[in-house]
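Read the structure below first, then the notes.
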Amino acid sequence: YAWDANEEYLFKAMVAFAMRRYSSKSTTQISNVLLCNVTDRVSFWFVVTDSSKNVTTVPGSEVEAAIRMNRNRINSAFLLSDKTLQFLKITSTLSPPVEPSTPVWLIVFGVVLCLIVAGIVFLIISGIRKHKKKSKESTERENLEEKVEVTLENGIPCEALDIKAGHVNGVFAADDERFTSL
Amino acid sequence: LSAAPEIPTEDGRPKWDNKFQYILSCIGFAVGLGNVWRFPYLCQIHGGGAFLIPYFIALLFEGIPLLHLELALGQYLRKGSIGAWNTISPYLGGIGVASWMVSVLISLYYNTVLTWVMWYFINSFQEPLPWSVCPLNENRTGFNEECYESTAVNYFWYRKTLNITPDIAESGRLQWWLILCLAACWAIVYLCTIRGIETTGKAIYVTAIFPYLVLTIFLIQGLTLPGATEGLIYLFTPNLSTLKNPRVWLDAATQIFFSLSLGFGGLIAFASYNPTKNDCEKDAVTVAIVNSMTSLYASIPVFSVLGFKATTAYWDCLDRNIINIINEFDLPEESIIRQNYTSWISFLNSSYPEKIAGLKLKSCDLQEFLDQSVSGTGLAFIVFTQAIILMPGSQAWAILFFIMLFSLGLSSMFGNIEGVFTPLLELQIVPKSAPKELLSGIICLISFLIALCFTLGSGSYWIDIFDRYASSVPLLVIAFFEVIGVVYIYKIKRFSKDVEWMTGRKLNLYWQITWRFISPLLLLIVFTAFITLQLQKPSSYTAWNPKYEGFPMKEEKVYPPWVQAICVLLVALPCVCLPLAALFHLVKQKRRSKDPSLVQPEVFSCQGANI
């Protein structure tokens with residue numbers, strides 16, 4: 001927006017408002033605020049006169065204090081900020097940065113750590129299960145081989161070896177007279 | 001006579017799920033943080049595009065041959081670094097031990113760098129980003145003094161993250177937030193390496209591919225930023241006169257060497273899990289070229305962002321001057337803008353020189369801002385974070401950036417840990433019945449406990465020492481003896497036959513010449529040049545000292561003698577393993593020859609390459 005006489009009027013009104021709030025006297029009028037040396041830069045000097053004490057100016061410190069108290073109201077009236085509306089010799093107090101009760105990073109860290117621990121536990125348990133399955137399989141296989149071993153020794157079925165005697169070979173045992181008598 | 005090695009599937013050795021996993025693991029190991037924060041810096045200070053000439057020459061004559069050597073070695077002998085070198089010749093077993101030791105030292109400090117990345121990552125979820133605002137001092141009248149004198153980004157890095165002490169001799173306390181992050185990082189490493197390549201092979205799909213995605217996103221974003229083109233022009237404008245400086249050639253050679261992660265034993269370990277009939281020649285060329293291309297590709301977004309940052313700083317400087325002038329001369333708003341600043345300045349200087357001089361305007365020069373080159377942690381944690389604050393949607397960019405750095409570092413950590421894990425597994429430190437998970441758990445736990453000393457106040461000074469000493473000279477020595485050992489002790493003819501058996505075609509002239517003469521010669525030259533340069537300048541470091549007069553400049557300090565002793569120890573320990581192992585074996589042989597009853601039957605068995 002352009003800076004014209006209306007804006008100047010608003011400025012005078014805001015300063016008067018600030019003085020009224022600060023000193024809680026309702027005697028300051030808009031006519032008490034005087035602007036001078038207005039430049040194109042939009043910079044100017046202003047003084048506040050005190051109508052009760054005949055054309056004397058209110059001390060600068062009082063005006064400064066009043067403006068500092070109502071700085072944000074003045075800023076928002078002009079849709080400006082501390083940086084764009086500068087009062088020379090009035091430094092702004094800084095607002096502290098917002099700190100949540102638990103630092104955010106701790107929360108994120110907690111989430112990350114939980115995920116990692118869950119992953120590790122899952123992998124370890126699956127590893128143990130696989131190991132158990134493998135060892136169970138190998139012991140089962142061993143048992144099976146033993147049973148088979150019992151029945152097959154040297155390729156000859158053990159039952160056959162249990163039979164009494166065996167077959168008599170007729171060629172050798174048939175003829176008793178062939179043997180020489182002692 | 002080279003005996004044919006056993007059929008792969010019957011020796012119970014774990015293997016890669018597919019070839020792609022193996023290539024990706026090698027690429028992930030080679031592509032690390034150095035590709036992002038060291039290569040662009042070297043390009044910038046060594047004449048931009050001109051640096052690519054020594055870089056590619058070094059790649060051709062040093063990088064690719066050494067890489068092929070390591071991969072072929074691991075693949076043929078199917079053992080980790082200690083076992084492989086013991087097989088080549090028991091006198092050369094020291095090379096394997098030295099590689100193993102270097103891998104241990106580097107794993108320790110590398111994961112601490114990842115700790116810092118993780119700390120920044122978990123802090124990126126806040127609005128506003130914690131490194132963008134200075135905290136207030138005690139009575140809330142102004143900002144914290146240390147922060148005010150330097151910048152908010154510097155303050156967050158040196159005070160809130162590192163809580164750095166002004167001197168390396170002052171250790172300070174353990175920083176509990178860094179301990180938490182360190183524990184988390186080692187837990188992640190354990191999670192991914194818990195069963196060796198079974199688990200890293202799956203994790204590598206994410207950690208190796210994700211950085212490329214993020215780099216592409218940053219590339220697109222970076223090119224749209226104002227001032228990006230200035231940064232890129234500045235980076236790539238070749239200045240051929242820098243090639244006369246031998247320092248440039250040395251930096252190119254060392255950069256290629258360390259970038260490809262040669263001499264760690266990790267590549268040998270990776271290749272040992274391959275089937276023997278695998279074309280290692282093609283693999284080596286692929287990995288080396290992808291690594292270099294990644295370096296180039298990464299430097300584009302990095303320099304776009306740096307150009308953007310320099311331009312923004314330049315504009316800020318101009319704007320401050322303009323405000324001062326307008327206030328002084330009461331000119332209307334917007335009468336002086338950046339474009340007509342120079343004409344206004346010259347006009348005002350001629351008409352009101354005293355007033356202009358009284359204003360004490362800072363001279364704003366874009367070149368000066370572009371010249372501020374940083375590499376290493378400074379680039380990521382100070383310069384880049386500052387640039388991210390200026391981008392719209394800074395949280396998202398910060399999160400992406402730090403996840404990318406984390407993935408890059410993690411995939412390199414896999415290689416480091418494999419270099420430690422595989423030889424230990426083969427030496428059977430833990431009985432065979434114990435699960436692999438136990439060994440990897442022990443390694444991670446012990447490393448975490450030792451790495452706790454990097455979380456002290458002086459931790460980052462120690463990391464600089466490890467980076468400068470443990471990861472430079474020993475690797476050069478190891479690589480030199482690797483080449484000499486294979487070419488002249490194992491004999492190149494034998495090795496050529498082995499490689500021919502594996503790849504199915506004869507070794508062409510390029511490999512013969514580079515392996516026999518060029519690479520060892522080049523390594524020797526690089527080694528001597530490196531040592532002379534290191535010895536020329538006194539070992540000093542820059543410390544962050546808020547009480548220094550020149551603050552926020554860093555204070556130059558010299559290492560105290562006990563720290564210098566530790567530096568020498570870091571270099572000497574791996575290197576001394578080589579002669580020690582040879583001596584040890586010599587003594588063992590002498591004792592065996594004296595007592596014939598002690599002759600082991602193994603001496604006569606066919607041990608692959610020992611006939």
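Residues in the structure tokens are numbered from 1 in each chain, the chains being A, B, ... in the order shown, and ligands are numbered from 1 in the order shown.
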Could you give me, as a tab-separated table, a per-residue list for chain B showing, wherever an atom lies at most 6 Å from an atom of chain A, the closest pair of atoms and their distance in Å to one decimal, using only C-alpha atoms and sorting by chain then residue number from low to high?
residue	atom	partner	partner_atom	distance
B:Ile122	CA	A:Trp105	CA	5.2
B:Asn123	CA	A:Trp105	CA	5.1
B:Leu191	CA	A:Ile120	CA	5.3
B:Asp330	CA	A:Arg41	CA	5.3
B:Leu331	CA	A:Arg41	CA	5.1
B:Pro332	CA	A:Arg41	CA	3.9
B:Glu333	CA	A:Arg41	CA	5.6
ask   = If we count only C-alpha atoms, what is near Val63 in chain A at a cut-off of 8 Å, once residues fewer than 5 positions away on the same chain are taken out, given as an NGL selection string?
value = :A and (19 or 48 or 58)
Write a file of the just-selected residues containing all heavy atoms, as an mmCIF file, in the first residue's frame.
data_model
loop_
_atom_site.group_PDB
_atom_site.id
_atom_site.type_symbol
_atom_site.label_atom_id
_atom_site.label_comp_id
_atom_site.auth_asym_id
_atom_site.auth_seq_id
_atom_site.Cartn_x
_atom_site.Cartn_y
_atom_site.Cartn_z
ATOM 1 N N MET A 19 0.319 5.629 24.017
ATOM 2 C CA MET A 19 0.542 6.517 25.155
ATOM 3 C C MET A 19 -0.585 6.372 26.167
ATOM 4 O O MET A 19 -0.341 6.348 27.375
ATOM 5 C CB MET A 19 0.605 7.976 24.682
ATOM 6 C CG MET A 19 1.820 8.306 23.841
ATOM 7 S SD MET A 19 3.364 7.950 24.675
ATOM 8 C CE MET A 19 3.248 8.998 26.089
ATOM 9 N N VAL A 48 5.545 13.606 20.800
ATOM 10 C CA VAL A 48 4.235 13.586 21.443
ATOM 11 C C VAL A 48 4.197 14.758 22.417
ATOM 12 O O VAL A 48 5.050 14.875 23.289
ATOM 13 C CB VAL A 48 4.007 12.263 22.201
ATOM 14 C CG1 VAL A 48 2.614 12.236 22.800
ATOM 15 C CG2 VAL A 48 4.216 11.090 21.254
ATOM 16 N N VAL A 58 6.492 15.120 25.646
ATOM 17 C CA VAL A 58 6.666 13.983 26.557
ATOM 18 C C VAL A 58 8.099 13.457 26.385
ATOM 19 O O VAL A 58 8.597 13.375 25.264
ATOM 20 C CB VAL A 58 5.645 12.884 26.212
ATOM 21 C CG1 VAL A 58 5.817 11.675 27.096
ATOM 22 C CG2 VAL A 58 4.231 13.436 26.311
#
As an mmCIF file with N, CA and C atoms, in the first residue's frame, please: every residue in range 159-280 of chain B that DSSP puts in alpha helix (DSSP H).
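Saved as part15.cif:
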data_model
loop_
_atom_site.group_PDB
_atom_site.id
_atom_site.type_symbol
_atom_site.label_atom_id
_atom_site.label_comp_id
_atom_site.auth_asym_id
_atom_site.auth_seq_id
_atom_site.Cartn_x
_atom_site.Cartn_y
_atom_site.Cartn_z
ATOM 1 N N TRP B 176 26.095 -38.221 25.868
ATOM 2 C CA TRP B 176 25.128 -39.316 25.940
ATOM 3 C C TRP B 176 24.284 -39.433 24.675
ATOM 4 N N TRP B 177 23.994 -38.310 23.999
ATOM 5 C CA TRP B 177 23.171 -38.403 22.796
ATOM 6 C C TRP B 177 23.914 -39.103 21.673
ATOM 7 N N LEU B 178 25.255 -38.896 21.642
ATOM 8 C CA LEU B 178 26.043 -39.579 20.632
ATOM 9 C C LEU B 178 26.171 -41.064 20.948
ATOM 10 N N ILE B 179 26.209 -41.397 22.254
ATOM 11 C CA ILE B 179 26.285 -42.803 22.622
ATOM 12 C C ILE B 179 25.028 -43.523 22.158
ATOM 13 N N LEU B 180 23.855 -42.875 22.350
ATOM 14 C CA LEU B 180 22.602 -43.486 21.905
ATOM 15 C C LEU B 180 22.638 -43.730 20.401
ATOM 16 N N CYS B 181 23.043 -42.700 19.660
ATOM 17 C CA CYS B 181 23.071 -42.855 18.208
ATOM 18 C C CYS B 181 24.104 -43.900 17.782
ATOM 19 N N LEU B 182 25.235 -43.949 18.486
ATOM 20 C CA LEU B 182 26.262 -44.944 18.152
ATOM 21 C C LEU B 182 25.726 -46.351 18.360
ATOM 22 N N ALA B 183 24.988 -46.539 19.491
ATOM 23 C CA ALA B 183 24.397 -47.853 19.750
ATOM 24 C C ALA B 183 23.427 -48.221 18.635
ATOM 25 N N ALA B 184 22.604 -47.241 18.221
ATOM 26 C CA ALA B 184 21.651 -47.510 17.148
ATOM 27 C C ALA B 184 22.371 -47.881 15.861
ATOM 28 N N CYS B 185 23.458 -47.166 15.534
ATOM 29 C CA CYS B 185 24.190 -47.463 14.303
ATOM 30 C C CYS B 185 24.789 -48.845 14.330
ATOM 31 N N TRP B 186 25.424 -49.216 15.447
ATOM 32 C CA TRP B 186 25.993 -50.556 15.502
ATOM 33 C C TRP B 186 24.905 -51.625 15.495
ATOM 34 N N ALA B 187 23.724 -51.290 16.066
ATOM 35 C CA ALA B 187 22.618 -52.238 16.008
ATOM 36 C C ALA B 187 22.168 -52.443 14.565
ATOM 37 N N ILE B 188 22.138 -51.351 13.787
ATOM 38 C CA ILE B 188 21.769 -51.476 12.379
ATOM 39 C C ILE B 188 22.796 -52.317 11.632
ATOM 40 N N VAL B 189 24.085 -52.071 11.914
ATOM 41 C CA VAL B 189 25.131 -52.850 11.245
ATOM 42 C C VAL B 189 24.982 -54.317 11.610
ATOM 43 N N TYR B 190 24.710 -54.593 12.879
ATOM 44 C CA TYR B 190 24.537 -55.982 13.325
ATOM 45 C C TYR B 190 23.350 -56.618 12.617
ATOM 46 N N LEU B 191 22.244 -55.835 12.541
ATOM 47 C CA LEU B 191 21.044 -56.344 11.891
ATOM 48 C C LEU B 191 21.338 -56.746 10.445
ATOM 49 N N CYS B 192 22.124 -55.953 9.758
ATOM 50 C CA CYS B 192 22.358 -56.229 8.340
ATOM 51 C C CYS B 192 23.446 -57.262 8.098
ATOM 52 N N THR B 193 24.395 -57.412 9.045
ATOM 53 C CA THR B 193 25.483 -58.358 8.789
ATOM 54 C C THR B 193 25.368 -59.585 9.659
ATOM 55 N N ILE B 197 26.899 -62.699 4.327
ATOM 56 C CA ILE B 197 26.354 -62.164 3.081
ATOM 57 C C ILE B 197 24.900 -62.557 2.862
ATOM 58 N N GLU B 198 24.388 -63.518 3.655
ATOM 59 C CA GLU B 198 22.960 -63.848 3.509
ATOM 60 C C GLU B 198 22.118 -62.615 3.758
ATOM 61 N N THR B 199 22.433 -61.911 4.856
ATOM 62 C CA THR B 199 21.641 -60.740 5.210
ATOM 63 C C THR B 199 22.109 -59.485 4.489
ATOM 64 N N THR B 200 23.445 -59.297 4.323
ATOM 65 C CA THR B 200 23.875 -58.073 3.639
ATOM 66 C C THR B 200 23.427 -58.110 2.196
ATOM 67 N N GLY B 201 23.379 -59.299 1.608
ATOM 68 C CA GLY B 201 22.938 -59.392 0.232
ATOM 69 C C GLY B 201 21.528 -58.867 0.037
ATOM 70 N N LYS B 202 20.658 -59.057 1.054
ATOM 71 C CA LYS B 202 19.297 -58.515 0.918
ATOM 72 C C LYS B 202 19.295 -57.020 1.207
ATOM 73 N N ALA B 203 20.087 -56.628 2.231
ATOM 74 C CA ALA B 203 20.063 -55.215 2.613
ATOM 75 C C ALA B 203 20.659 -54.339 1.523
ATOM 76 N N ILE B 204 21.615 -54.890 0.761
ATOM 77 C CA ILE B 204 22.335 -54.070 -0.215
ATOM 78 C C ILE B 204 21.416 -53.568 -1.322
ATOM 79 N N TYR B 205 20.325 -54.308 -1.591
ATOM 80 C CA TYR B 205 19.404 -53.840 -2.627
ATOM 81 C C TYR B 205 18.909 -52.440 -2.294
ATOM 82 N N VAL B 206 18.618 -52.229 -0.986
ATOM 83 C CA VAL B 206 18.120 -50.913 -0.581
ATOM 84 C C VAL B 206 19.258 -49.913 -0.471
ATOM 85 N N THR B 207 20.294 -50.289 0.287
ATOM 86 C CA THR B 207 21.310 -49.281 0.602
ATOM 87 C C THR B 207 22.148 -48.893 -0.595
ATOM 88 N N ALA B 208 22.247 -49.737 -1.605
ATOM 89 C CA ALA B 208 23.065 -49.368 -2.759
ATOM 90 C C ALA B 208 22.259 -48.603 -3.794
ATOM 91 N N ILE B 209 20.964 -48.874 -3.909
ATOM 92 C CA ILE B 209 20.177 -48.242 -4.970
ATOM 93 C C ILE B 209 19.555 -46.927 -4.502
ATOM 94 N N PHE B 210 19.184 -46.862 -3.213
ATOM 95 C CA PHE B 210 18.510 -45.663 -2.710
ATOM 96 C C PHE B 210 19.298 -44.374 -2.930
ATOM 97 N N PRO B 211 20.630 -44.358 -2.672
ATOM 98 C CA PRO B 211 21.353 -43.100 -2.887
ATOM 99 C C PRO B 211 21.221 -42.569 -4.301
ATOM 100 N N TYR B 212 21.162 -43.456 -5.301
ATOM 101 C CA TYR B 212 21.042 -42.968 -6.668
ATOM 102 C C TYR B 212 19.717 -42.251 -6.872
ATOM 103 N N LEU B 213 18.657 -42.798 -6.255
ATOM 104 C CA LEU B 213 17.353 -42.144 -6.355
ATOM 105 C C LEU B 213 17.410 -40.744 -5.767
ATOM 106 N N VAL B 214 17.985 -40.669 -4.557
ATOM 107 C CA VAL B 214 18.020 -39.367 -3.888
ATOM 108 C C VAL B 214 18.898 -38.390 -4.657
ATOM 109 N N LEU B 215 20.031 -38.889 -5.193
ATOM 110 C CA LEU B 215 20.891 -38.005 -5.975
ATOM 111 C C LEU B 215 20.142 -37.453 -7.176
ATOM 112 N N THR B 216 19.313 -38.298 -7.798
ATOM 113 C CA THR B 216 18.547 -37.818 -8.945
ATOM 114 C C THR B 216 17.558 -36.742 -8.515
ATOM 115 N N ILE B 217 16.881 -36.986 -7.370
ATOM 116 C CA ILE B 217 15.930 -35.990 -6.883
ATOM 117 C C ILE B 217 16.640 -34.670 -6.601
ATOM 118 N N PHE B 218 17.819 -34.773 -5.953
ATOM 119 C CA PHE B 218 18.573 -33.551 -5.656
ATOM 120 C C PHE B 218 19.069 -32.892 -6.924
ATOM 121 N N LEU B 219 19.379 -33.714 -7.933
ATOM 122 C CA LEU B 219 19.824 -33.167 -9.203
ATOM 123 C C LEU B 219 18.741 -32.293 -9.805
ATOM 124 N N ILE B 220 17.512 -32.854 -9.854
ATOM 125 C CA ILE B 220 16.404 -32.107 -10.438
ATOM 126 C C ILE B 220 16.133 -30.847 -9.620
ATOM 127 N N GLN B 221 16.083 -31.010 -8.293
ATOM 128 C CA GLN B 221 15.813 -29.857 -7.430
ATOM 129 C C GLN B 221 16.938 -28.837 -7.549
ATOM 130 N N GLY B 222 18.181 -29.345 -7.549
ATOM 131 C CA GLY B 222 19.322 -28.444 -7.561
ATOM 132 C C GLY B 222 19.376 -27.600 -8.811
ATOM 133 N N LEU B 223 19.051 -28.217 -9.954
ATOM 134 C CA LEU B 223 19.141 -27.471 -11.204
ATOM 135 C C LEU B 223 18.083 -26.382 -11.288
ATOM 136 N N THR B 224 16.997 -26.510 -10.519
ATOM 137 C CA THR B 224 15.969 -25.471 -10.571
ATOM 138 C C THR B 224 16.270 -24.322 -9.631
ATOM 139 N N ALA B 228 22.310 -22.056 -9.556
ATOM 140 C CA ALA B 228 22.870 -23.391 -9.770
ATOM 141 C C ALA B 228 23.833 -23.379 -10.943
ATOM 142 N N THR B 229 23.455 -22.657 -11.994
ATOM 143 C CA THR B 229 24.312 -22.648 -13.181
ATOM 144 C C THR B 229 25.662 -22.028 -12.885
ATOM 145 N N GLU B 230 25.678 -20.989 -12.019
ATOM 146 C CA GLU B 230 26.985 -20.408 -11.679
ATOM 147 C C GLU B 230 27.866 -21.438 -11.007
ATOM 148 N N GLY B 231 27.254 -22.204 -10.076
ATOM 149 C CA GLY B 231 28.026 -23.219 -9.383
ATOM 150 C C GLY B 231 28.582 -24.250 -10.337
ATOM 151 N N LEU B 232 27.746 -24.711 -11.283
ATOM 152 C CA LEU B 232 28.189 -25.751 -12.206
ATOM 153 C C LEU B 232 29.266 -25.238 -13.145
ATOM 154 N N ILE B 233 29.092 -24.016 -13.639
ATOM 155 C CA ILE B 233 30.112 -23.445 -14.513
ATOM 156 C C ILE B 233 31.432 -23.355 -13.762
ATOM 157 N N TYR B 234 31.357 -22.888 -12.521
ATOM 158 C CA TYR B 234 32.555 -22.754 -11.718
ATOM 159 C C TYR B 234 33.238 -24.088 -11.518
ATOM 160 N N LEU B 235 32.404 -25.159 -11.313
ATOM 161 C CA LEU B 235 32.981 -26.480 -11.067
ATOM 162 C C LEU B 235 33.659 -27.014 -12.310
ATOM 163 N N PHE B 236 32.996 -26.917 -13.446
ATOM 164 C CA PHE B 236 33.473 -27.661 -14.599
ATOM 165 C C PHE B 236 34.360 -26.868 -15.548
ATOM 166 N N PRO B 246 52.308 -31.105 -9.444
ATOM 167 C CA PRO B 246 52.290 -32.546 -9.181
ATOM 168 C C PRO B 246 51.295 -32.934 -8.101
ATOM 169 N N ARG B 247 50.928 -31.955 -7.263
ATOM 170 C CA ARG B 247 49.967 -32.226 -6.197
ATOM 171 C C ARG B 247 48.654 -32.742 -6.773
ATOM 172 N N VAL B 248 48.286 -32.213 -7.953
ATOM 173 C CA VAL B 248 47.026 -32.595 -8.584
ATOM 174 C C VAL B 248 47.043 -34.072 -8.954
ATOM 175 N N TRP B 249 48.187 -34.514 -9.537
ATOM 176 C CA TRP B 249 48.303 -35.907 -9.943
ATOM 177 C C TRP B 249 48.285 -36.823 -8.720
ATOM 178 N N LEU B 250 48.950 -36.372 -7.653
ATOM 179 C CA LEU B 250 48.965 -37.174 -6.436
ATOM 180 C C LEU B 250 47.562 -37.314 -5.880
ATOM 181 N N ASP B 251 46.829 -36.195 -5.835
ATOM 182 C CA ASP B 251 45.468 -36.253 -5.306
ATOM 183 C C ASP B 251 44.587 -37.153 -6.156
ATOM 184 N N ALA B 252 44.762 -37.099 -7.478
ATOM 185 C CA ALA B 252 43.947 -37.949 -8.348
ATOM 186 C C ALA B 252 44.238 -39.420 -8.069
ATOM 187 N N ALA B 253 45.528 -39.754 -7.945
ATOM 188 C CA ALA B 253 45.892 -41.153 -7.721
ATOM 189 C C ALA B 253 45.363 -41.653 -6.378
ATOM 190 N N THR B 254 45.550 -40.829 -5.320
ATOM 191 C CA THR B 254 45.078 -41.281 -4.014
ATOM 192 C C THR B 254 43.556 -41.352 -3.985
ATOM 193 N N GLN B 255 42.891 -40.412 -4.675
ATOM 194 C CA GLN B 255 41.429 -40.420 -4.656
ATOM 195 C C GLN B 255 40.888 -41.685 -5.304
ATOM 196 N N ILE B 256 41.447 -42.061 -6.448
ATOM 197 C CA ILE B 256 40.998 -43.284 -7.119
ATOM 198 C C ILE B 256 41.236 -44.485 -6.214
ATOM 199 N N PHE B 257 42.411 -44.485 -5.609
ATOM 200 C CA PHE B 257 42.789 -45.633 -4.805
ATOM 201 C C PHE B 257 41.856 -45.817 -3.627
ATOM 202 N N PHE B 258 41.648 -44.734 -2.852
ATOM 203 C CA PHE B 258 40.815 -44.871 -1.665
ATOM 204 C C PHE B 258 39.350 -44.981 -2.022
ATOM 205 N N SER B 259 38.965 -44.381 -3.164
ATOM 206 C CA SER B 259 37.560 -44.432 -3.534
ATOM 207 C C SER B 259 37.129 -45.850 -3.860
ATOM 208 N N GLY B 266 37.960 -56.493 1.954
ATOM 209 C CA GLY B 266 36.521 -56.671 1.799
ATOM 210 C C GLY B 266 36.170 -57.185 0.416
ATOM 211 N N LEU B 267 36.902 -56.679 -0.603
ATOM 212 C CA LEU B 267 36.631 -57.114 -1.970
ATOM 213 C C LEU B 267 37.006 -58.574 -2.149
ATOM 214 N N ILE B 268 38.135 -58.966 -1.533
ATOM 215 C CA ILE B 268 38.545 -60.370 -1.607
ATOM 216 C C ILE B 268 37.469 -61.249 -0.974
ATOM 217 N N ALA B 269 36.942 -60.784 0.180
ATOM 218 C CA ALA B 269 35.905 -61.561 0.873
ATOM 219 C C ALA B 269 34.664 -61.687 -0.005
ATOM 220 N N PHE B 270 34.243 -60.570 -0.606
ATOM 221 C CA PHE B 270 33.054 -60.616 -1.456
ATOM 222 C C PHE B 270 33.247 -61.593 -2.615
ATOM 223 N N ALA B 271 34.421 -61.494 -3.265
ATOM 224 C CA ALA B 271 34.639 -62.330 -4.440
ATOM 225 C C ALA B 271 34.759 -63.800 -4.062
ATOM 226 N N SER B 272 35.142 -64.086 -2.812
ATOM 227 C CA SER B 272 35.341 -65.484 -2.434
ATOM 228 C C SER B 272 34.033 -66.244 -2.344
ATOM 229 N N CYS B 280 35.515 -62.339 -13.745
ATOM 230 C CA CYS B 280 35.908 -61.289 -12.814
ATOM 231 C C CYS B 280 36.451 -60.066 -13.543
#
ask   = Residues at most 8 Å from Ser375 in chain B, counting only C-alpha atoms, excluding those fewer than 4 positions away in the same chain, as a list in words?
value =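 Listed by chain and then number, they are Trp37, Arg38, Tyr41 and Leu379 of chain B.
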task = For Arg71 in chain A, work out the shell of residues within 9 Å, counting only C-alpha atoms and skipping chain neighbours fewer than 4 positions away, then give it as a ChimeraX atom specification.
result = /A:18,66-67,75-76,82,92
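Pairwise distance (CA of Trp515 in chain B, CA of Phe530 in chain B) equals 21.5 Å.
Proximity ranking of B:Glu70, B:Glu328, B:Asp595, B:Glu437 relative to Phe264 in chain B places B:Glu70 first, based on only C-alpha atoms.
Once range 438-440 of chain B and its same-chain neighbours fewer than 6 positions away are set aside, Tyr190, Thr193, Ile194, Arg195, Gly196, Phe421, Leu425 and Val430 of chain B remain within 8 Å of it when counting only C-alpha atoms.
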Resulting file, chosen residues, all heavy atoms, as a short mmCIF file (atom, residue, chain, number, x, y, z; two decimals), in the first residue's frame:
data_model
loop_
_atom_site.label_atom_id
_atom_site.label_comp_id
_atom_site.auth_asym_id
_atom_site.auth_seq_id
_atom_site.Cartn_x
_atom_site.Cartn_y
_atom_site.Cartn_z
N TYR B 190 24.71 -54.59 12.88
CA TYR B 190 24.54 -55.98 13.32
C TYR B 190 23.35 -56.62 12.62
O TYR B 190 23.41 -57.74 12.13
CB TYR B 190 24.35 -56.03 14.84
CG TYR B 190 24.14 -57.42 15.38
CD1 TYR B 190 25.01 -58.45 15.06
CD2 TYR B 190 23.08 -57.72 16.23
CE1 TYR B 190 24.83 -59.73 15.55
CE2 TYR B 190 22.89 -58.99 16.72
CZ TYR B 190 23.76 -60.00 16.38
OH TYR B 190 23.56 -61.26 16.86
N THR B 193 24.39 -57.41 9.04
CA THR B 193 25.48 -58.36 8.79
C THR B 193 25.37 -59.58 9.66
O THR B 193 26.33 -60.33 9.80
CB THR B 193 26.85 -57.71 9.05
OG1 THR B 193 26.88 -57.26 10.40
CG2 THR B 193 27.09 -56.56 8.12
N ILE B 194 24.19 -59.83 10.22
CA ILE B 194 24.06 -60.85 11.26
C ILE B 194 24.43 -62.24 10.75
O ILE B 194 25.02 -63.03 11.47
CB ILE B 194 22.62 -60.82 11.83
CG1 ILE B 194 22.51 -61.63 13.10
CG2 ILE B 194 21.61 -61.29 10.82
CD1 ILE B 194 21.22 -61.37 13.83
N ARG B 195 24.13 -62.54 9.50
CA ARG B 195 24.51 -63.87 9.00
C ARG B 195 25.44 -63.75 7.82
O ARG B 195 25.40 -64.57 6.92
CB ARG B 195 23.25 -64.65 8.59
CG ARG B 195 22.57 -65.22 9.79
CD ARG B 195 21.53 -66.27 9.46
NE ARG B 195 20.36 -65.96 10.26
CZ ARG B 195 19.16 -65.78 9.78
NH1 ARG B 195 18.93 -65.93 8.51
NH2 ARG B 195 18.16 -65.49 10.57
N GLY B 196 26.27 -62.73 7.83
CA GLY B 196 27.20 -62.58 6.72
C GLY B 196 26.47 -62.16 5.46
O GLY B 196 25.53 -61.40 5.52
N PHE B 421 34.95 -60.00 9.25
CA PHE B 421 34.16 -61.16 9.60
C PHE B 421 34.65 -62.43 8.91
O PHE B 421 34.85 -63.46 9.56
CB PHE B 421 32.71 -60.84 9.21
CG PHE B 421 31.69 -61.84 9.62
CD1 PHE B 421 31.49 -62.14 10.95
CD2 PHE B 421 30.89 -62.45 8.69
CE1 PHE B 421 30.53 -63.04 11.33
CE2 PHE B 421 29.91 -63.36 9.07
CZ PHE B 421 29.73 -63.65 10.39
N LEU B 425 35.91 -65.94 10.60
CA LEU B 425 35.10 -67.14 10.45
C LEU B 425 35.98 -68.30 10.01
O LEU B 425 35.82 -69.44 10.46
CB LEU B 425 34.01 -66.86 9.41
CG LEU B 425 32.71 -67.66 9.50
CD1 LEU B 425 32.04 -67.39 10.81
CD2 LEU B 425 31.79 -67.27 8.37
N VAL B 430 35.51 -68.75 16.78
CA VAL B 430 34.38 -69.31 17.50
C VAL B 430 34.20 -70.74 16.99
O VAL B 430 34.35 -70.99 15.79
CB VAL B 430 33.11 -68.46 17.19
CG1 VAL B 430 31.94 -68.95 17.95
CG2 VAL B 430 33.39 -67.01 17.49
#
message = Using only C-alpha atoms, which protein or nucleic acid residues come within 12 Å of Thr56 in chain A? Drop anything in the same chain fewer than 4 positions from it, and give the result as a list in words.
response = Asn32, Val33, Val47, Val48, Thr49, Asp50, Ser51, Ser52 and Gly60 of chain A
